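Step one of this worksheet: look at the structure below.
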Amino acid sequence: MTDPASAQARPTEEWAKVGDLQVRYLDWGGDGPPIMALHGLASSGHWYDLVAPMLRQQWRVIAPDQRGHGQTSQMESGYDWQTLASDIVGLMDHLGLEKAAVLGHSWGGNVAGNLAARFPERVQKLVLIDGGFMGARQRPGASWESFRERARPRDVSGTRKEFLDRLRVQLAECWSDELERIVQTMVYEDDQGQIQDILRPDNHAQVMHAMWNEPPASTLPQVSCPTIMIPAGPRPERAGTEFAVMRQEMVEAAAKIIKDCQIHWIPNTMHDIGYHKPGELAGVIVDFLSQR
């Protein structure tokens, strides 16, 4: 699918003025059809750095830092689905792209799904990578208070060394110098030498309200393009647990409300499939996008 030279390729860093936003995006080049690759919450366009090189021989992969993330403008508002989807449409307009395949990981899957539902003429195919199909309200006994607590900002406290030491343990199966570089594009060091998420707490709170008030079930029925959901399959020790069964039911329920949808589980992996199994993830994406 790719060669060693392609695997070591680096994107160019570009900027676009989209409304009031200065959007920073990574462009992997190539003459193939375009892919817009949307990262998850408190992440950055670099989430795709291990996957994009395996796609660039056939597609032009563009991975923006979304509003309030990475190096794109920090805005005090606009974390609702309509505005987030419009940001991507504005970037496509800037690039002269009439239509693109859209990938979305985690929260980025929610943005991607809303883009496909609200601007169907701009999305050719939709790829939801362990996200965008599971609603907070589907959990038994779900309430706003329980959801807000469960989805509170992650703990990135401590010095840079402490932050990296924690991640080195959490991601021990796939840790590398490249991954160490990638995860640092999502945080910054404050004046006291402490690591903080680039996504500000107030903006994170706006995202939580959007996820609670407009869950995927309210949007996905409007998605008309071919879609694939790529959920992360549980570890063997978690297979068959109540949580694993609930996730499977959520995935199957979401697939039923999308007009043209298929499911491909990647087994025995983590939420950040692109870190743990980038080759397998890229292979599934290639197969789906190559379908007529």
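Scheme for the structure tokens: letters A, B, ... for chains in order shown; per-chain residue numbers from 1; ligand numbers from 1 in order shown.
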
Excluding Ala151 in chain A and any residue of its chain fewer than 6 positions from it, enumerate the residues within 10 Å of it, using only C-alpha atoms, and give them as a count of residues only.
5

Quick one: everything within 10 Å of Tyr188 in chain A, counting only C-alpha atoms, minus sequence neighbours fewer than 2 positions away in the same chain. Send it as a PDB file with N, CA and C atoms, in the first residue's frame.
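File written: part34.pdb
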```
ATOM      1  N   GLY A  70      -4.911  23.118  18.271  1.00  0.00           N
ATOM      2  CA  GLY A  70      -3.641  23.257  17.559  1.00  0.00           C
ATOM      3  C   GLY A  70      -3.241  24.710  17.437  1.00  0.00           C
ATOM      4  N   VAL A 156      -3.956  16.849  32.106  1.00  0.00           N
ATOM      5  CA  VAL A 156      -2.653  17.017  31.452  1.00  0.00           C
ATOM      6  C   VAL A 156      -1.723  17.816  32.357  1.00  0.00           C
ATOM      7  N   ARG A 160       6.353  19.053  31.475  1.00  0.00           N
ATOM      8  CA  ARG A 160       6.399  18.333  30.201  1.00  0.00           C
ATOM      9  C   ARG A 160       6.878  16.888  30.417  1.00  0.00           C
ATOM     10  N   GLN A 184       2.596  16.246  21.614  1.00  0.00           N
ATOM     11  CA  GLN A 184       2.960  17.577  22.105  1.00  0.00           C
ATOM     12  C   GLN A 184       2.399  18.700  21.244  1.00  0.00           C
ATOM     13  N   THR A 185       1.807  18.368  20.096  1.00  0.00           N
ATOM     14  CA  THR A 185       1.159  19.394  19.274  1.00  0.00           C
ATOM     15  C   THR A 185      -0.217  19.765  19.815  1.00  0.00           C
ATOM     16  N   MET A 186      -0.665  19.079  20.862  1.00  0.00           N
ATOM     17  CA  MET A 186      -2.018  19.266  21.399  1.00  0.00           C
ATOM     18  C   MET A 186      -2.022  20.027  22.713  1.00  0.00           C
ATOM     19  N   ASP A 190       2.742  26.453  30.162  1.00  0.00           N
ATOM     20  CA  ASP A 190       2.389  27.780  30.653  1.00  0.00           C
ATOM     21  C   ASP A 190       3.583  28.458  31.336  1.00  0.00           C
ATOM     22  N   ASP A 191       3.336  29.652  31.897  1.00  0.00           N
ATOM     23  CA  ASP A 191       4.421  30.442  32.490  1.00  0.00           C
ATOM     24  C   ASP A 191       5.062  29.770  33.705  1.00  0.00           C
ATOM     25  N   GLY A 193       5.658  26.570  33.775  1.00  0.00           N
ATOM     26  CA  GLY A 193       6.268  25.331  33.311  1.00  0.00           C
ATOM     27  C   GLY A 193       5.346  24.133  33.393  1.00  0.00           C
ATOM     28  N   GLN A 194       4.017  24.401  33.479  1.00  0.00           N
ATOM     29  CA  GLN A 194       3.025  23.328  33.557  1.00  0.00           C
ATOM     30  C   GLN A 194       2.378  23.124  32.187  1.00  0.00           C
ATOM     31  N   ILE A 195       2.095  21.885  31.872  1.00  0.00           N
ATOM     32  CA  ILE A 195       1.472  21.552  30.601  1.00  0.00           C
ATOM     33  C   ILE A 195      -0.046  21.755  30.694  1.00  0.00           C
ATOM     34  N   GLN A 196      -0.615  22.375  29.661  1.00  0.00           N
ATOM     35  CA  GLN A 196      -2.052  22.634  29.595  1.00  0.00           C
ATOM     36  C   GLN A 196      -2.562  22.230  28.214  1.00  0.00           C
ATOM     37  N   ASP A 197      -3.835  21.812  28.168  1.00  0.00           N
ATOM     38  CA  ASP A 197      -4.471  21.577  26.871  1.00  0.00           C
ATOM     39  C   ASP A 197      -4.605  22.885  26.102  1.00  0.00           C
ATOM     40  N   ILE A 198      -4.357  22.845  24.804  1.00  0.00           N
ATOM     41  CA  ILE A 198      -4.579  24.028  23.972  1.00  0.00           C
ATOM     42  C   ILE A 198      -6.070  24.374  23.943  1.00  0.00           C
ATOM     43  N   LEU A 199      -6.934  23.362  23.909  1.00  0.00           N
ATOM     44  CA  LEU A 199      -8.373  23.616  23.964  1.00  0.00           C
ATOM     45  C   LEU A 199      -8.717  24.163  25.339  1.00  0.00           C
TER      46      LEU A 199
END
```

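Closest approach to Trp59 in chain A from the set A:Pro120, A:Gly29, A:Gly45, A:Pro201 is made by A:Gly29, with distances taken over only C-alpha atoms.
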
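The closest residue to His264 in chain A, picked from A:Pro231, A:Pro153, A:Pro64, A:Pro216 and counting only C-alpha atoms, is A:Pro231.
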
Apply DSSP to the structure's backbone, then extract all residues of range 106-278 of chain A labelled helix (DSSP H, G or I) and return them as a ChimeraX atom specification.
/A:107-118,120-122,136-138,144-150,160-170,177-186,201-213,216-218,220-222,242-257,273-276,278

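Using only C-alpha atoms, the nearest neighbour of Ala16 in chain A within the list A:Pro278, A:Pro53, A:Gly32, A:Gly96 is A:Gly96.
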
Selection: 12 Å around Met211 in chain A, only C-alpha atoms, excl. self and same-chain fewer than 5 positions, as number ranges by chain:
A: 41, 79-81, 106-111, 114, 131-138, 144, 147-148, 151, 204-206, 216-219

Create the file for the chosen residues now, containing N, CA and C atoms and written as a short mmCIF file (atom, residue, chain, number, x, y, z; two decimals), in the first residue's frame.
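Below is the file that was written, selection-v1.cif:
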```cif
data_model
loop_
_atom_site.label_atom_id
_atom_site.label_comp_id
_atom_site.auth_asym_id
_atom_site.auth_seq_id
_atom_site.Cartn_x
_atom_site.Cartn_y
_atom_site.Cartn_z
N LEU A 41 -11.33 15.67 19.93
CA LEU A 41 -11.34 16.76 20.90
C LEU A 41 -9.98 16.86 21.60
N TYR A 79 -18.58 26.68 18.87
CA TYR A 79 -18.31 25.26 19.04
C TYR A 79 -19.57 24.41 18.89
N ASP A 80 -20.58 24.98 18.24
CA ASP A 80 -21.78 24.26 17.85
C ASP A 80 -21.51 23.56 16.51
N TRP A 81 -22.32 22.57 16.19
CA TRP A 81 -22.07 21.76 15.00
C TRP A 81 -22.18 22.55 13.70
N SER A 106 -13.22 10.29 16.70
CA SER A 106 -13.78 10.66 17.99
C SER A 106 -14.74 11.85 17.83
N TRP A 107 -14.54 12.94 18.57
CA TRP A 107 -15.38 14.14 18.41
C TRP A 107 -15.34 14.64 16.97
N GLY A 108 -14.22 14.47 16.30
CA GLY A 108 -14.15 14.85 14.89
C GLY A 108 -15.13 14.09 14.03
N GLY A 109 -15.52 12.88 14.50
CA GLY A 109 -16.57 12.15 13.80
C GLY A 109 -17.91 12.85 13.91
N ASN A 110 -18.18 13.49 15.05
CA ASN A 110 -19.40 14.29 15.19
C ASN A 110 -19.39 15.47 14.22
N VAL A 111 -18.24 16.14 14.12
CA VAL A 111 -18.13 17.25 13.17
C VAL A 111 -18.32 16.74 11.75
N ASN A 114 -21.95 15.88 11.03
CA ASN A 114 -22.74 17.09 10.83
C ASN A 114 -22.43 17.77 9.51
N GLY A 131 -15.96 7.20 16.64
CA GLY A 131 -16.63 8.40 17.10
C GLY A 131 -17.67 8.86 16.12
N GLY A 132 -18.54 9.77 16.59
CA GLY A 132 -19.56 10.32 15.72
C GLY A 132 -20.81 9.47 15.63
N PHE A 133 -20.82 8.34 16.33
CA PHE A 133 -22.00 7.48 16.24
C PHE A 133 -22.52 7.06 17.61
N MET A 134 -21.87 7.51 18.69
CA MET A 134 -22.30 7.13 20.03
C MET A 134 -22.78 8.36 20.79
N GLY A 135 -24.04 8.34 21.20
CA GLY A 135 -24.62 9.50 21.86
C GLY A 135 -24.57 9.38 23.38
N ALA A 136 -24.31 10.51 24.05
CA ALA A 136 -24.22 10.52 25.51
C ALA A 136 -25.53 10.10 26.16
N ARG A 137 -26.64 10.41 25.52
CA ARG A 137 -27.95 10.12 26.12
C ARG A 137 -28.33 8.65 26.03
N GLN A 138 -27.58 7.87 25.26
CA GLN A 138 -27.92 6.45 25.09
C GLN A 138 -27.51 5.60 26.29
N TRP A 144 -27.36 15.02 32.29
CA TRP A 144 -26.39 16.04 31.93
C TRP A 144 -25.25 16.07 32.94
N PHE A 147 -22.93 13.06 32.45
CA PHE A 147 -22.18 13.20 31.20
C PHE A 147 -21.09 14.25 31.35
N ARG A 148 -21.43 15.38 31.94
CA ARG A 148 -20.44 16.45 32.12
C ARG A 148 -19.27 15.98 32.97
N ALA A 151 -17.18 13.43 30.88
CA ALA A 151 -16.50 14.01 29.73
C ALA A 151 -15.72 15.28 30.09
N HIS A 204 -14.15 23.86 25.76
CA HIS A 204 -14.48 22.46 25.99
C HIS A 204 -15.91 22.34 26.51
N ALA A 205 -16.30 23.24 27.39
CA ALA A 205 -17.66 23.22 27.94
C ALA A 205 -18.70 23.44 26.84
N GLN A 206 -18.42 24.33 25.89
CA GLN A 206 -19.34 24.55 24.77
C GLN A 206 -19.50 23.28 23.94
N PRO A 216 -25.61 12.37 17.97
CA PRO A 216 -25.58 11.84 16.60
C PRO A 216 -26.95 11.38 16.09
N ALA A 217 -27.78 10.83 16.97
CA ALA A 217 -29.08 10.32 16.52
C ALA A 217 -29.94 11.41 15.89
N SER A 218 -29.68 12.68 16.21
CA SER A 218 -30.47 13.76 15.63
C SER A 218 -29.92 14.21 14.28
N THR A 219 -28.73 13.75 13.94
CA THR A 219 -28.06 14.21 12.71
C THR A 219 -27.89 13.11 11.68
#
```

Smallest atom-to-atom distance to Gly274 in chain A: which of A:Leu179, A:Asp202, A:Phe288, A:Lys17, using only C-alpha atoms?
A:Leu179

Tell me which protein, DNA and RNA residues are within 6 Å of Val123 in chain A, counting only C-alpha atoms, leaving out same-chain ones fewer than 4 positions away, and put them as a PDB file with C-alpha atoms, in the first residue's frame.
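The result, written out as around29.pdb:
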```pdb
ATOM      1  CA  LYS A  99     -16.333  17.855  -2.735  1.00  0.00           C
ATOM      2  CA  ALA A 100     -14.179  15.614  -0.547  1.00  0.00           C
ATOM      3  CA  ALA A 101     -14.181  12.379   1.375  1.00  0.00           C
ATOM      4  CA  ALA A 116     -22.273  15.376   5.747  1.00  0.00           C
TER       5      ALA A 116
END
```

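Once Arg292 in chain A and its same-chain neighbours fewer than 2 positions away are set aside, Gln124, Lys125, Pro226, Asp287, Phe288, Leu289 and Ser290 of chain A remain within 12 Å of it when counting only C-alpha atoms.
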